[in-house]
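Raw data31.json, JSON, C-alpha atoms and all ligand atoms:
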```
[["chain", "number", "residue", "atom", "x", "y", "z"],
["A", 5, "MET", "CA", 61.30, 165.82, 101.75],
["A", 6, "MET", "CA", 62.20, 166.76, 105.31],
["A", 7, "LYS", "CA", 64.44, 164.40, 107.21],
["A", 8, "HIS", "CA", 62.76, 162.98, 110.26],
["A", 9, "ASN", "CA", 63.40, 162.91, 113.96],
["A", 10, "TYR", "CA", 62.89, 159.32, 115.03],
["A", 11, "THR", "CA", 62.80, 159.51, 118.82],
["A", 12, "ASP", "CA", 59.01, 159.23, 118.87],
["A", 13, "ALA", "CA", 58.75, 156.97, 115.81],
["A", 14, "ALA", "CA", 58.35, 153.22, 115.34],
["A", 15, "LEU", "CA", 58.98, 151.09, 112.30],
["A", 16, "ILE", "CA", 56.42, 148.30, 111.86],
["A", 17, "VAL", "CA", 57.68, 145.44, 109.72],
["A", 18, "VAL", "CA", 54.56, 143.65, 108.50],
["A", 19, "ASP", "CA", 54.51, 139.89, 107.82],
["A", 20, "VAL", "CA", 57.88, 139.36, 106.08],
["A", 21, "GLN", "CA", 57.36, 135.60, 106.34],
["A", 22, "ASN", "CA", 58.37, 132.74, 104.06],
["A", 23, "ASP", "CA", 54.86, 132.03, 102.81],
["A", 24, "PHE", "CA", 54.65, 135.56, 101.34],
["A", 25, "ILE", "CA", 58.01, 135.23, 99.55],
["A", 26, "PRO", "CA", 58.28, 133.75, 96.02],
["A", 27, "GLY", "CA", 58.15, 129.97, 96.46],
["A", 28, "GLY", "CA", 55.84, 130.31, 99.49],
["A", 29, "ALA", "CA", 52.21, 129.28, 99.80],
["A", 30, "LEU", "CA", 50.84, 132.81, 99.23],
["A", 31, "ALA", "CA", 53.73, 134.27, 97.30],
["A", 32, "VAL", "CA", 53.86, 138.00, 96.71],
["A", 33, "ALA", "CA", 55.74, 138.83, 93.49],
["A", 34, "GLU", "CA", 59.12, 140.39, 94.34],
["A", 35, "GLY", "CA", 58.37, 139.93, 98.05],
["A", 36, "ASP", "CA", 62.00, 138.97, 98.63],
["A", 37, "GLN", "CA", 63.16, 142.32, 97.24],
["A", 38, "VAL", "CA", 61.96, 144.20, 100.32],
["A", 39, "VAL", "CA", 64.24, 142.23, 102.67],
["A", 40, "PRO", "CA", 67.60, 144.01, 102.10],
["A", 41, "LEU", "CA", 65.82, 147.35, 101.93],
["A", 42, "ILE", "CA", 64.01, 146.77, 105.25],
["A", 43, "ASN", "CA", 67.33, 145.72, 106.81],
["A", 44, "SER", "CA", 68.89, 149.07, 105.94],
["A", 45, "ILE", "CA", 65.77, 151.02, 106.89],
["A", 46, "GLN", "CA", 65.84, 149.45, 110.36],
["A", 47, "GLU", "CA", 69.13, 151.21, 111.09],
["A", 48, "LYS", "CA", 67.31, 154.55, 111.21],
["A", 49, "PHE", "CA", 64.85, 153.55, 113.92],
["A", 50, "ASP", "CA", 65.12, 153.26, 117.70],
["A", 51, "HIS", "CA", 61.86, 151.32, 117.90],
["A", 52, "ILE", "CA", 61.21, 148.37, 115.59],
["A", 53, "ILE", "CA", 58.18, 146.11, 115.88],
["A", 54, "ALA", "CA", 57.21, 143.21, 113.65],
["A", 55, "THR", "CA", 53.90, 141.55, 112.95],
["A", 56, "GLN", "CA", 53.49, 137.85, 112.17],
["A", 57, "ASP", "CA", 50.53, 136.22, 110.44],
["A", 58, "PHE", "CA", 50.02, 133.13, 112.60],
["A", 59, "HIS", "CA", 47.05, 130.95, 111.80],
["A", 60, "PRO", "CA", 45.75, 127.72, 113.31],
["A", 61, "VAL", "CA", 45.37, 125.01, 110.65],
["A", 62, "ASP", "CA", 41.55, 125.22, 110.91],
["A", 63, "HIS", "CA", 41.52, 128.94, 110.12],
["A", 64, "GLY", "CA", 38.37, 130.18, 108.37],
["A", 65, "SER", "CA", 40.35, 132.18, 105.79],
["A", 66, "PHE", "CA", 41.74, 129.00, 104.21],
["A", 67, "ALA", "CA", 39.90, 127.84, 101.08],
["A", 68, "ALA", "CA", 40.81, 124.25, 102.04],
["A", 69, "ASN", "CA", 38.52, 124.56, 105.08],
["A", 70, "HIS", "CA", 35.47, 125.31, 102.88],
["A", 71, "PRO", "CA", 34.55, 122.33, 100.70],
["A", 72, "GLY", "CA", 33.88, 123.37, 97.11],
["A", 73, "LYS", "CA", 35.66, 126.71, 97.46],
["A", 74, "LYS", "CA", 38.97, 127.70, 95.98],
["A", 75, "PRO", "CA", 41.59, 130.32, 96.80],
["A", 76, "TYR", "CA", 40.53, 133.93, 96.05],
["A", 77, "ASP", "CA", 36.79, 133.06, 96.17],
["A", 78, "GLN", "CA", 34.85, 135.24, 98.57],
["A", 79, "ILE", "CA", 32.54, 133.92, 101.26],
["A", 80, "ASP", "CA", 30.64, 135.22, 104.28],
["A", 81, "LEU", "CA", 32.64, 134.26, 107.37],
["A", 82, "PHE", "CA", 30.59, 134.90, 110.53],
["A", 83, "GLY", "CA", 29.09, 138.06, 109.03],
["A", 84, "LEU", "CA", 32.16, 139.47, 107.28],
["A", 85, "THR", "CA", 33.10, 139.15, 103.61],
["A", 86, "GLN", "CA", 36.22, 137.00, 103.53],
["A", 87, "THR", "CA", 38.62, 136.42, 100.65],
["A", 88, "LEU", "CA", 39.74, 132.80, 100.79],
["A", 89, "TRP", "CA", 43.47, 132.13, 100.73],
["A", 90, "PRO", "CA", 45.71, 129.15, 100.15],
["A", 91, "VAL", "CA", 46.74, 127.57, 103.45],
["A", 92, "HIS", "CA", 49.52, 129.88, 104.68],
["A", 93, "CYS", "CA", 51.43, 130.94, 107.79],
["A", 94, "VAL", "CA", 50.26, 128.00, 109.86],
["A", 95, "GLN", "CA", 51.57, 128.28, 113.41],
["A", 96, "GLY", "CA", 54.92, 126.56, 113.85],
["A", 97, "THR", "CA", 55.55, 125.83, 110.16],
["A", 98, "GLU", "CA", 58.51, 127.08, 108.13],
["A", 99, "GLY", "CA", 56.06, 129.13, 106.07],
["A", 100, "SER", "CA", 55.13, 131.13, 109.15],
["A", 101, "ALA", "CA", 58.78, 131.87, 109.99],
["A", 102, "PHE", "CA", 60.36, 135.20, 109.13],
["A", 103, "HIS", "CA", 62.55, 135.34, 106.02],
["A", 104, "ALA", "CA", 65.98, 134.05, 106.99],
["A", 105, "GLY", "CA", 67.69, 137.15, 105.56],
["A", 106, "LEU", "CA", 65.62, 139.57, 107.61],
["A", 107, "GLU", "CA", 67.54, 141.29, 110.40],
["A", 108, "GLN", "CA", 65.70, 140.69, 113.70],
["A", 109, "LYS", "CA", 68.35, 141.64, 116.28],
["A", 110, "ARG", "CA", 66.88, 145.01, 117.19],
["A", 111, "TRP", "CA", 63.21, 144.06, 117.22],
["A", 112, "GLU", "CA", 61.49, 145.09, 120.45],
["A", 113, "ALA", "CA", 58.43, 142.93, 120.04],
["A", 114, "VAL", "CA", 56.52, 140.70, 117.64],
["A", 115, "PHE", "CA", 52.73, 140.93, 117.51],
["A", 116, "GLN", "CA", 51.07, 137.80, 116.15],
["A", 117, "LYS", "CA", 47.67, 137.92, 114.49],
["A", 118, "GLY", "CA", 45.12, 135.71, 112.77],
["A", 119, "LYS", "CA", 45.00, 133.21, 115.62],
["A", 120, "ASN", "CA", 41.21, 133.21, 115.99],
["A", 121, "PRO", "CA", 39.88, 130.69, 113.42],
["A", 122, "GLU", "CA", 36.60, 132.60, 113.08],
["A", 123, "VAL", "CA", 37.95, 135.96, 111.91],
["A", 124, "ASP", "CA", 40.87, 137.08, 109.76],
["A", 125, "SER", "CA", 43.27, 139.74, 110.92],
["A", 126, "TYR", "CA", 45.03, 141.75, 108.27],
["A", 127, "SER", "CA", 45.96, 144.61, 110.56],
["A", 128, "GLY", "CA", 48.65, 144.34, 113.20],
["A", 129, "PHE", "CA", 46.31, 146.19, 115.58],
["A", 130, "PHE", "CA", 42.83, 144.60, 115.33],
["A", 131, "ASP", "CA", 41.07, 141.66, 113.71],
["A", 132, "ASN", "CA", 38.95, 142.44, 110.65],
["A", 133, "ALA", "CA", 35.79, 142.68, 112.78],
["A", 134, "ARG", "CA", 37.61, 144.99, 115.23],
["A", 135, "ARG", "CA", 36.51, 142.70, 118.06],
["A", 136, "GLY", "CA", 39.96, 141.85, 119.34],
["A", 137, "ALA", "CA", 43.13, 143.93, 119.73],
["A", 138, "THR", "CA", 46.67, 142.52, 119.56],
["A", 139, "GLY", "CA", 47.97, 145.05, 122.07],
["A", 140, "LEU", "CA", 50.15, 146.85, 119.52],
["A", 141, "GLY", "CA", 48.27, 150.14, 119.85],
["A", 142, "ASP", "CA", 48.65, 150.28, 123.64],
["A", 143, "TYR", "CA", 52.26, 149.13, 123.35],
["A", 144, "LEU", "CA", 53.15, 152.03, 121.05],
["A", 145, "LYS", "CA", 51.24, 154.58, 123.16],
["A", 146, "ASP", "CA", 52.99, 153.37, 126.33],
["A", 147, "LYS", "CA", 56.35, 153.96, 124.62],
["A", 148, "GLY", "CA", 55.36, 157.50, 123.68],
["A", 149, "ILE", "CA", 55.34, 156.71, 119.97],
["A", 150, "GLN", "CA", 53.59, 159.30, 117.84],
["A", 151, "LYS", "CA", 54.76, 158.37, 114.33],
["A", 152, "VAL", "CA", 54.37, 154.97, 112.76],
["A", 153, "PHE", "CA", 56.26, 153.93, 109.61],
["A", 154, "VAL", "CA", 54.87, 150.84, 107.87],
["A", 155, "CYS", "CA", 56.64, 148.48, 105.46],
["A", 156, "GLY", "CA", 56.49, 144.78, 104.53],
["A", 157, "LEU", "CA", 53.94, 142.42, 102.99],
["A", 158, "ALA", "CA", 51.45, 142.59, 101.52],
["A", 159, "LEU", "CA", 50.71, 146.15, 100.44],
["A", 160, "ASP", "CA", 47.05, 145.57, 99.47],
["A", 161, "TYR", "CA", 46.15, 143.61, 102.64],
["A", 162, "CYS", "CA", 48.13, 143.58, 105.85],
["A", 163, "VAL", "CA", 50.24, 146.67, 105.16],
["A", 164, "LYS", "CA", 47.21, 148.74, 104.17],
["A", 165, "PHE", "CA", 45.07, 147.57, 107.10],
["A", 166, "THR", "CA", 47.91, 148.18, 109.55],
["A", 167, "ALA", "CA", 48.50, 151.71, 108.24],
["A", 168, "MET", "CA", 44.78, 152.55, 108.26],
["A", 169, "ASP", "CA", 44.39, 151.32, 111.85],
["A", 170, "ALA", "CA", 47.49, 153.26, 112.93],
["A", 171, "LEU", "CA", 45.89, 156.37, 111.48],
["A", 172, "SER", "CA", 42.57, 155.65, 113.21],
["A", 173, "LEU", "CA", 44.40, 155.34, 116.54],
["A", 174, "GLY", "CA", 45.82, 158.83, 116.08],
["A", 175, "PHE", "CA", 49.37, 158.00, 115.00],
["A", 176, "GLU", "CA", 51.03, 160.12, 112.33],
["A", 177, "THR", "CA", 51.34, 157.36, 109.76],
["A", 178, "TYR", "CA", 53.83, 156.80, 106.94],
["A", 179, "LEU", "CA", 53.99, 154.16, 104.23],
["A", 180, "ILE", "CA", 57.49, 153.38, 102.95],
["A", 181, "SER", "CA", 56.31, 152.69, 99.43],
["A", 182, "ASP", "CA", 59.42, 151.01, 98.02],
["A", 183, "ALA", "CA", 59.65, 148.62, 101.00],
["A", 184, "THR", "CA", 56.38, 146.84, 100.24],
["A", 185, "ARG", "CA", 54.85, 144.71, 97.47],
["A", 186, "ALA", "CA", 51.26, 143.79, 96.62],
["A", 187, "VAL", "CA", 49.45, 140.47, 96.13],
["A", 188, "ASN", "CA", 47.55, 142.07, 93.21],
["A", 189, "ILE", "CA", 44.74, 139.50, 92.89],
["A", 190, "TYR", "CA", 43.39, 142.14, 90.54],
["A", 191, "PRO", "CA", 45.91, 144.25, 88.61],
["A", 192, "LYS", "CA", 46.46, 147.65, 90.23],
["A", 193, "ASP", "CA", 45.30, 146.55, 93.71],
["A", 194, "GLY", "CA", 48.64, 147.79, 95.02],
["A", 195, "GLU", "CA", 48.29, 151.18, 93.35],
["A", 196, "LYS", "CA", 44.71, 151.47, 94.61],
["A", 197, "ALA", "CA", 45.84, 150.64, 98.13],
["A", 198, "ILE", "CA", 48.39, 153.48, 98.03],
["A", 199, "GLN", "CA", 45.76, 155.86, 96.69],
["A", 200, "GLU", "CA", 43.29, 154.88, 99.41],
["A", 201, "MET", "CA", 45.91, 155.33, 102.11],
["A", 202, "ALA", "CA", 47.00, 158.71, 100.74],
["A", 203, "GLU", "CA", 43.41, 159.94, 100.57],
["A", 204, "SER", "CA", 42.88, 158.90, 104.19],
["A", 205, "GLY", "CA", 45.91, 160.82, 105.39],
["A", 206, "VAL", "CA", 48.74, 158.29, 105.33],
["A", 207, "ASN", "CA", 51.98, 159.99, 104.25],
["A", 208, "ILE", "CA", 53.56, 158.13, 101.36],
["A", 209, "LEU", "CA", 57.33, 158.29, 101.17],
["A", 210, "SER", "CA", 60.30, 156.46, 99.75],
["A", 211, "SER", "CA", 63.10, 154.93, 101.84],
["A", 212, "LYS", "CA", 65.55, 157.46, 100.42],
["A", 213, "ASP", "CA", 63.51, 160.20, 102.12],
["A", 214, "LEU", "CA", 63.91, 158.70, 105.57],
["B", 1, "LIG", "C1", 48.08, 138.63, 104.30],
["B", 1, "LIG", "C2", 46.40, 137.63, 103.09],
["B", 1, "LIG", "C3", 46.17, 136.73, 104.10],
["B", 1, "LIG", "C4", 49.13, 139.67, 104.38],
["B", 1, "LIG", "C5", 47.85, 137.73, 105.33],
["B", 1, "LIG", "O1", 50.09, 139.54, 105.19],
["B", 1, "LIG", "O2", 49.02, 140.66, 103.63],
["B", 1, "LIG", "N1", 47.34, 138.56, 103.19],
["B", 1, "LIG", "N2", 46.90, 136.79, 105.22],
["B", 2, "ZN", "ZN", 46.77, 135.26, 106.65]]
```
Represent the structure of the file as structure tokens.
Ligand code: VGL
Ligand code: ZN
Amino acid sequence: MMKHNYTDAALIVVDVQNDFIPGGALAVAEGDQVVPLINSIQEKFDHIIATQDFHPVDHGSFAANHPGKKPYDQIDLFGLTQTLWPVHCVQGTEGSAFHAGLEQKRWEAVFQKGKNPEVDSYSGFFDNARRGATGLGDYLKDKGIQKVFVCGLALDYCVKFTAMDALSLGFETYLISDATRAVNIYPKDGEKAIQEMAESGVNILSSKDL
């Protein structure tokens, strides 16, 4: 694997927040294991951006807001199929905070998402209906970024959607496959996500190849 030139590259650290860490409300198995790895990966990049899942307590993706429904059920939410989640990453709570061991000193910006109660937002760029943009795409273009490297949580949701949107916006897109973990509601969801990304043109690499 060729070593990269990072002047026109950005690292996007997706949703490394307490609620996605073992012990959190929507725990991702081994989610804590990406933290030291992401800290060392950050040293390679001049541009580091983070995303933060940041829901109001009345968010439509929470099973608790749909009487009779339970987490991981699917519903129609204003015309889109929505997987229902445990209450997680509520604005201002400890669960929404970044993991305490995650290095944040060199972050340029944090893009919050999932604030509209009527639509979920897995991607750091757009909500799931693609009605609203966070500004991340324009931010990266304004900085002259051409390559986007994605890591964080969770592989089968927010990491995948962020990488796919980066690709659709014309960025050369890379998944750092050892710096992410999957929710795996169904076994192999993580593997399938990698396959789907690879087939779409996302470059899959390991942190040792950076
Ligand atoms: C995520 C489910 C719900 C994620 C966020 O960060 O992958 N997954 N909200
Ligand atoms: Zn969420």
For ligand LIG 1 (chain B), collect every residue having any atom at a distance of at most 9 Å from a ligand atom (counting all atoms listed in the file); output as a ChimeraX atom specification.
/A:18-21,24,30,32,55-59,65-66,87-90,92-93,118,124-127,156-165,186-187
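What separates CA of Ile16 (chain A) from CA of Val154 (chain A) is a distance of 5.0 Å.
The space separating CA of Pro71 (chain A) from CA of Pro26 (chain A) comes to 26.7 Å.
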Of the candidates A:Glu112, A:Asp146, A:Glu98, A:Glu200, which one gets nearest to Gln46 (chain A) if we count all atoms listed in the file?
A:Glu112
Can you pull out every residue within 6 Å of Ser210 (chain A), counting only C-alpha atoms, but drop anything in the same chain fewer than 6 positions away, and send it as a ChimeraX atom specification?
/A:180-182
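Separating CA of Pro40 (chain A) from CA of Ser100 (chain A) is a distance of 19.3 Å.
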Could you rebuild region 104-120 of chain A with N, CA and C atoms and give me the result as a compact mmCIF listing (two decimals), in the coordinates of the input?
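Printed below is result-v9.txt as written:
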```txt
# COMPACT_ATOMS: atom_id res chain seq x y z
N ALA A 104 64.70 134.29 106.31
CA ALA A 104 65.98 134.05 106.99
C ALA A 104 66.95 135.22 106.83
N GLY A 105 66.78 136.02 105.78
CA GLY A 105 67.69 137.15 105.56
C GLY A 105 67.27 138.42 106.26
N LEU A 106 66.14 138.36 106.96
CA LEU A 106 65.62 139.57 107.61
C LEU A 106 66.32 139.77 108.96
N GLU A 107 66.86 140.95 109.15
CA GLU A 107 67.54 141.29 110.40
C GLU A 107 66.51 141.41 111.52
N GLN A 108 66.69 140.66 112.60
CA GLN A 108 65.70 140.69 113.70
C GLN A 108 66.31 141.13 115.03
N LYS A 109 67.62 141.41 115.02
CA LYS A 109 68.35 141.64 116.28
C LYS A 109 67.77 142.77 117.12
N ARG A 110 67.29 143.82 116.44
CA ARG A 110 66.88 145.01 117.19
C ARG A 110 65.36 145.11 117.35
N TRP A 111 64.66 144.03 117.05
CA TRP A 111 63.21 144.06 117.22
C TRP A 111 62.86 144.10 118.71
N GLU A 112 61.94 144.99 119.06
CA GLU A 112 61.49 145.09 120.45
C GLU A 112 60.41 144.08 120.77
N ALA A 113 59.58 143.80 119.79
CA ALA A 113 58.43 142.93 120.04
C ALA A 113 57.88 142.42 118.72
N VAL A 114 57.24 141.27 118.79
CA VAL A 114 56.52 140.70 117.64
C VAL A 114 55.07 140.55 118.06
N PHE A 115 54.17 141.09 117.25
CA PHE A 115 52.73 140.93 117.51
C PHE A 115 52.16 139.94 116.49
N GLN A 116 51.66 138.83 117.01
CA GLN A 116 51.07 137.80 116.15
C GLN A 116 49.58 138.09 115.97
N LYS A 117 49.07 137.65 114.83
CA LYS A 117 47.67 137.92 114.49
C LYS A 117 47.11 136.80 113.65
N GLY A 118 45.78 136.75 113.57
CA GLY A 118 45.12 135.71 112.77
C GLY A 118 45.01 134.39 113.51
N LYS A 119 45.04 134.45 114.83
CA LYS A 119 45.00 133.21 115.62
C LYS A 119 43.58 132.71 115.86
N ASN A 120 42.61 133.61 115.80
CA ASN A 120 41.21 133.21 115.99
C ASN A 120 40.69 132.62 114.68
```
